[in-house]
Structures are given as structure tokens and as C-alpha cells.
Amino acid sequence: MIVGAVLAGCSSGKETAAPAQNAPKDGKITLFYLQKQGDQQYFVEQAKGAQDKAKELGFDLKVVNLGQDANKAINELDAAVAQGANGIAIVVPDQAIGPQVIDAAKAKGIPLVASDDVIKDNTGAKAPFVGFNGSAMGTEVGKEAAKLFKAAGWAPADTKIISAYKQDLTVCSDRVKAAKEAFAKDAGADVSVVEVGTDNTPVDAQNRTGAVIGSNPNVKHWVVWGCNDENETGAVTALANAGIKAADTIGVGLGAYLTCKDWAAGKDTGNKAALFISGAEVGKTAVQVLFDKVKNSKELPAETIAKTQIVNKDNFKTAGVNCT
């Protein structure tokens with residue numbers, strides 16, 4: 001099972017005077033975790049991991065689901081400040097609000113960690129970050145897809161790649177760009193890539209992939225990847241619904257929490273592999289570094305990167321994938 005081992009980067013080294021609220025706490029500590037799309041399984045597990053760590057360390061943690069509403073993110077941040085937050089972890093619905101988020105926390109001397117999606121202030125400086133390296137993740141997905149493509153012996157001429165992702169989210173574009181580059185390098189073949197813009201949900205990925213399939217009737221084989229498991233499984237479902245056989249589909253997910261469902265059910269599926277990322281470990285780590293800052297004045301690491309692992313139907317259980 002993947003554990004919460006991380007690689008912590010150095011802090012910026014810049015020291016600024018902070019209000020008393022940022023001082024070490026001997027009494028009650030209250031942290032907030034503000035999450036976009038809090039009903040997605042990854043973020044549900046992230047919240048659970050954060051809550052488990054809060055219980056272990058003995059502080060109060062309040063988790064708020066922001067959905068995909070940037071305005072709600074700002075309002076809930078203001079509410080957290082008003083409620084006496086000692087530290088805040090946030091997964092922003094829109095990276096464009098980064099400067100506003102960072103400034104609001106800084107004005108009150110409240111430690112802030114960006115979880116999953118990088119945010120920057122008006123000068124381009126990044127907030128302390130806990131999550132995954134998007135390019136590294138995409139590289140692993142692309143390499144696995146290339147390995148499976150070569151093993152299948154498919155001809156590039158009758159194969160296409162579906163790359164499904166939210167196109168205005170940099171963490172998504174970083175992932176799929178890296179996947180494309182890694183695939184091209186390792187596959188040693190020029191396979192056409194169809195980029196599919198989605199809202200990062202399975203339903204939207206499925207619907208938009210349906211249109212792609214209809215406009216490519218001569219394609220015999222499909223390789224699929226995306227920003228997350230939602231995109232990949234949505235696209236694979238669309239292919240299956242269109243009559244494309246599982247043997248003619250190579251889907252490599254990113255998350256493993258949805259791709260694993262077909263494996264757990266013993267289905268013949270186009271979901272061939274996935275990069276396992278543990279939301280729970282990110283949640284635990286984000287609140288741990290915030291707690292260390294508030295309680296012990298330990299500087300927030302500039303970047304904390306969680307581990308990942310490629311899994312498939314044969315090893316997902318031993319890897320610790322939660323497939324409920």
C-alpha cells in the first residue's frame with residue numbers, strides 16, 4: 001500500500017512579519033480544508049485522510065465543498081477567516097483566483113497551503129503546495145499507454161488517441177502534454193491525438209467522446225488518457241457504448257479509483273491500467289504541514305510531492321487502491 005512518504009522542497013526563505021494569529025498555538029487549533037468538487041471520490045478520500053490526521057493530532061478540522069464555484073471559494077475563505085481559522089488548505093475551483101486567495105490569507109497572517117492545484121500571487125510567486133507533479137504523472141501515463149500499445153501490435157494508421165481534460169486548468173494541460181510526449185517517445189510511432197475538452201466529469205467526457213467516435217468511423221483502435229479517472233473512464237464508456245470492443249481500447253486512467261471498478265467486478269474492459277494517486281495521503285500531508293506551522297512555527301515547505309504507482313487489474317488491491 002502506498003504510504004504518505006513525500007519529498008519536501010525548500011521554503012522560499014523570505015520572512016515577513018505576521019499578525020499574532022500566525023504565532024505558535026498552545027490552545028485550540030482550527031484548520032479548514034476548502035475543496036473543489038468535494039463529491040468526487042478522490043476529494044472524498046482526501047477529506048477523510050485529512051480528518052483522520054486531524055483526529056490523530058488532536059485539532060479541529062472543517063471541510064467545505066466548493067463545487068466548481070470560484071465565488072463560493074472566496075466567500076468560504078472569508079468565512080473561515082471570520083471563524084478564526086488558524087490555517088487553510090484549499091483546492092481552488094479556478095486558478096485565476098489565486099492572487100485573491102493568497103492575499104486574503106496573508107492579510108490576516110493565516111498560513112495557506114494550495115492542495116492539488118498550484119496557485120500564484122500577483123507577482124507569480126507560488127503558494128506552498130501539497131499534491132502531485134502533473135508533468136511526472138502524465139509521463140507515467142504516457143509511458144504505460146505506449147507499452148500497452150506496442151504489446152497490442154496496433155498500426156498507427158488505424159489508431160487514434162483520445163486526450164480528455166479541462167483545457168483551462170494548468171494541472172490538466174501539464175498532465176496530458178507530458179502523456180503525449182512520453183507516448184510519442186516510447187511508442188516510436190506517430191499516432192494522431194484528438195484533444196477533447198471537458199469539465200473533468202465522467203458524464204461530460206462520455207458525451208464529448210461520443211461525438212469524436214462518430215466523426216472517426218474508420219478508426220479501429222483507441223488509446224485513451226485524460227486529466228483524471230473521470231475523463232478516462234467516461235471516454236472508455238463512450239467507446240464501449242459505441243460498440244468498440246475492450247480488446248480494441250487501451251485506457252490508462254489517472255487516479256485508479258474509478259478504473260478499478262471494472263477490475264473489481266471482473267469485467268472485460270478497455271480500462272487497462274491507471275496511475276494510482278492517493279487523495280487520502282495528500283489530505284493527511286496538507287493538514288500535517290499546516291499543523292506543524294501553527295503549532296511549532298515550522299516553515300511551510302514550498303512543495304510537497306506525494307508518491308504515485310501504475311496499477312492494473314492484477315495488482316490494484318495489493319497497491320491499496322480503495323475501490324468501494
# chains A, B, ... in the order shown; residues from 1 in each chain; ligands from 1

call {"tool": "residues_around", "arguments": {"residues": "Ala265 in chain A", "least_positions_apart": "6", "cutoff": "12 Å", "atoms": "only C-alpha atoms", "output": "list in words"}}
result
Leu258, Thr259, Lys313, Cys323 and Thr324 of chain A

call {"tool": "select_by_dssp", "arguments": {"residues": "range 56-188 of chain A", "states": "strand (DSSP E or B)", "output": "number ranges by chain"}}
result
A: 60-67, 87-90, 112-115, 120, 126, 129-131, 159-165

call {"tool": "closest_atom_pairs", "arguments": {"of": "range 150-184 of chain A", "to": "range 205-212 of chain A", "cutoff": "9 Å", "atoms": "only C-alpha atoms", "output": "CSV"}}
result
residue,atom,partner,partner_atom,distance
A:Ile162,CA,A:Thr209,CA,7.9
A:Ala164,CA,A:Ala205,CA,6.7
A:Tyr165,CA,A:Ala205,CA,8.1

call {"tool": "write_last_selection", "arguments": {"atoms": "N, CA, C and O atoms", "output": "PDB file, in the first residue's frame"}}
result
ATOM      1  N   ILE A 162      -7.383   9.480 -27.634  1.00  0.00           N
ATOM      2  CA  ILE A 162      -8.288  10.477 -27.050  1.00  0.00           C
ATOM      3  C   ILE A 162      -7.626  11.022 -25.791  1.00  0.00           C
ATOM      4  O   ILE A 162      -7.286  10.265 -24.879  1.00  0.00           O
ATOM      5  N   ALA A 164      -8.571  13.574 -22.958  1.00  0.00           N
ATOM      6  CA  ALA A 164      -9.730  14.311 -22.441  1.00  0.00           C
ATOM      7  C   ALA A 164      -9.374  15.050 -21.160  1.00  0.00           C
ATOM      8  O   ALA A 164      -8.859  14.451 -20.215  1.00  0.00           O
ATOM      9  N   TYR A 165      -9.681  16.349 -21.126  1.00  0.00           N
ATOM     10  CA  TYR A 165      -9.288  17.141 -19.951  1.00  0.00           C
ATOM     11  C   TYR A 165      -9.931  18.520 -19.974  1.00  0.00           C
ATOM     12  O   TYR A 165     -10.376  19.009 -21.018  1.00  0.00           O
TER      13      TYR A 165
END

call {"tool": "atom_distance", "arguments": {"atom1": "CA of Glu181 in chain A", "atom2": "CA of Gly279 in chain A"}}
result
25.8 Å

call {"tool": "select_by_dssp", "arguments": {"residues": "range 190-226 of chain A", "states": "helix (DSSP H, G or I)", "output": "VMD selection string"}}
result
chain A and resid 202 to 214

call {"tool": "residues_around", "arguments": {"residues": "Pro156 in chain A", "least_positions_apart": "5", "cutoff": "7 Å", "atoms": "only C-alpha atoms", "output": "number ranges by chain"}}
result
A: 189-191

call {"tool": "write_last_selection", "arguments": {"atoms": "N, CA and C atoms", "output": "mmCIF file, in the first residue's frame"}}
result
data_model
loop_
_atom_site.group_PDB
_atom_site.id
_atom_site.type_symbol
_atom_site.label_atom_id
_atom_site.label_comp_id
_atom_site.auth_asym_id
_atom_site.auth_seq_id
_atom_site.Cartn_x
_atom_site.Cartn_y
_atom_site.Cartn_z
ATOM 1 N N ALA A 189 6.031 5.650 -32.630
ATOM 2 C CA ALA A 189 5.052 5.691 -33.717
ATOM 3 C C ALA A 189 4.317 7.024 -33.669
ATOM 4 N N ASP A 190 3.881 7.480 -34.825
ATOM 5 C CA ASP A 190 3.143 8.731 -34.927
ATOM 6 C C ASP A 190 1.649 8.426 -34.932
ATOM 7 N N VAL A 191 1.028 8.542 -33.758
ATOM 8 C CA VAL A 191 -0.394 8.257 -33.617
ATOM 9 C C VAL A 191 -1.134 9.578 -33.393
#

call {"tool": "closest_atom_pairs", "arguments": {"of": "range 144-201 of chain A", "to": "range 58-74 of chain A", "cutoff": "12 Å", "atoms": "only C-alpha atoms", "output": "Markdown table"}}
result
| residue | atom | partner | partner_atom | distance |
| --- | --- | --- | --- | --- |
| A:Asp199 | CA | A:Gln68 | CA | 9.6 |
| A:Asn200 | CA | A:Gln68 | CA | 10.6 |
| A:Thr201 | CA | A:Gln68 | CA | 11.3 |

call {"tool": "atom_distance", "arguments": {"atom1": "CA of Ala274 in chain A", "atom2": "CA of Phe316 in chain A"}}
result
9.1 Å

call {"tool": "closest_residue", "arguments": {"among": "A:Asp229, A:Glu140, A:Asp94, A:Asp103", "to": "Gln167 in chain A", "atoms": "only C-alpha atoms"}}
result
A:Asp94

call {"tool": "closest_residue", "arguments": {"among": "A:Lys298, A:Val101, A:Asn312, A:Trp225", "to": "Asp78 in chain A", "atoms": "only C-alpha atoms"}}
result
A:Val101

call {"tool": "closest_residue", "arguments": {"among": "A:Lys317, A:Lys307, A:Lys106, A:Lys48", "to": "Phe132 in chain A", "atoms": "only C-alpha atoms"}}
result
A:Lys307

call {"tool": "closest_residue", "arguments": {"among": "A:Lys120, A:Lys36, A:Lys267, A:Lys293", "to": "Pro93 in chain A", "atoms": "only C-alpha atoms"}}
result
A:Lys36

call {"tool": "closest_residue", "arguments": {"among": "A:Asp292, A:Glu56, A:Asp117, A:Glu144", "to": "Val224 in chain A", "atoms": "only C-alpha atoms"}}
result
A:Glu144

call {"tool": "residues_around", "arguments": {"residues": "Lys185 in chain A", "least_positions_apart": "6", "cutoff": "10 Å", "atoms": "only C-alpha atoms", "output": "number ranges by chain"}}
result
A: 142-143, 146, 179

call {"tool": "write_last_selection", "arguments": {"atoms": "C-alpha atoms", "output": "PDB file, in the first residue's frame"}}
result
ATOM      1  CA  GLY A 142       2.032   8.087 -21.466  1.00  0.00           C
ATOM      2  CA  LYS A 143       4.773   5.525 -20.893  1.00  0.00           C
ATOM      3  CA  ALA A 146       2.963   3.280 -25.084  1.00  0.00           C
ATOM      4  CA  ALA A 179       1.495  11.957 -21.572  1.00  0.00           C
TER       5      ALA A 179
END

call {"tool": "atom_distance", "arguments": {"atom1": "CA of Gly226 in chain A", "atom2": "CA of Gln51 in chain A"}}
result
28.8 Å

call {"tool": "residues_around", "arguments": {"residues": "Asn86 in chain A", "least_positions_apart": "4", "cutoff": "6 Å", "atoms": "only C-alpha atoms", "output": "JSON, numbers by chain"}}
result
{"A": [30, 31, 110]}

call {"tool": "closest_residue", "arguments": {"among": "A:Gly138, A:Gly214, A:Gly153, A:Gly266", "to": "Asn228 in chain A", "atoms": "only C-alpha atoms"}}
result
A:Gly138

call {"tool": "residues_around", "arguments": {"residues": "Ala242 in chain A", "least_positions_apart": "2", "cutoff": "8 Å", "atoms": "only C-alpha atoms", "output": "PyMOL selection string"}}
result
chain A and resi 210+213+238-240+244

call {"tool": "write_last_selection", "arguments": {"atoms": "all heavy atoms", "output": "compact mmCIF listing (two decimals), in the first residue's frame"}}
result
# COMPACT_ATOMS: atom_id res chain seq x y z
N GLY A 210 -18.36 10.72 -27.44
CA GLY A 210 -19.32 10.17 -28.39
C GLY A 210 -19.28 10.87 -29.73
O GLY A 210 -19.35 10.22 -30.79
N ILE A 213 -16.11 9.79 -31.67
CA ILE A 213 -16.24 8.46 -32.26
C ILE A 213 -17.03 8.52 -33.56
O ILE A 213 -16.67 7.92 -34.57
CB ILE A 213 -16.92 7.49 -31.27
CG1 ILE A 213 -16.07 7.35 -30.00
CG2 ILE A 213 -17.14 6.12 -31.91
CD1 ILE A 213 -16.79 6.67 -28.86
N ALA A 238 -17.88 5.63 -23.37
CA ALA A 238 -18.43 6.05 -24.66
C ALA A 238 -18.00 5.10 -25.77
O ALA A 238 -18.81 4.74 -26.64
CB ALA A 238 -17.98 7.47 -24.97
N LEU A 239 -16.76 4.66 -25.74
CA LEU A 239 -16.27 3.72 -26.75
C LEU A 239 -17.02 2.39 -26.66
O LEU A 239 -17.43 1.82 -27.67
CB LEU A 239 -14.77 3.50 -26.57
CG LEU A 239 -13.87 4.68 -26.94
CD1 LEU A 239 -12.45 4.47 -26.41
CD2 LEU A 239 -13.83 4.88 -28.46
N ALA A 240 -17.20 1.91 -25.43
CA ALA A 240 -17.93 0.65 -25.24
C ALA A 240 -19.36 0.77 -25.72
O ALA A 240 -19.89 -0.14 -26.37
CB ALA A 240 -17.88 0.25 -23.76
N ILE A 244 -17.25 -0.41 -29.57
CA ILE A 244 -15.81 -0.68 -29.67
C ILE A 244 -15.45 -1.73 -28.63
O ILE A 244 -15.74 -1.57 -27.44
CB ILE A 244 -14.98 0.59 -29.43
CG1 ILE A 244 -15.44 1.72 -30.36
CG2 ILE A 244 -13.49 0.30 -29.60
CD1 ILE A 244 -15.27 1.43 -31.82

call {"tool": "residues_around", "arguments": {"residues": "Asn322 in chain A", "least_positions_apart": "4", "cutoff": "9 Å", "atoms": "only C-alpha atoms", "output": "ChimeraX atom specification"}}
result
/A:45,256-257,260,278,316-317
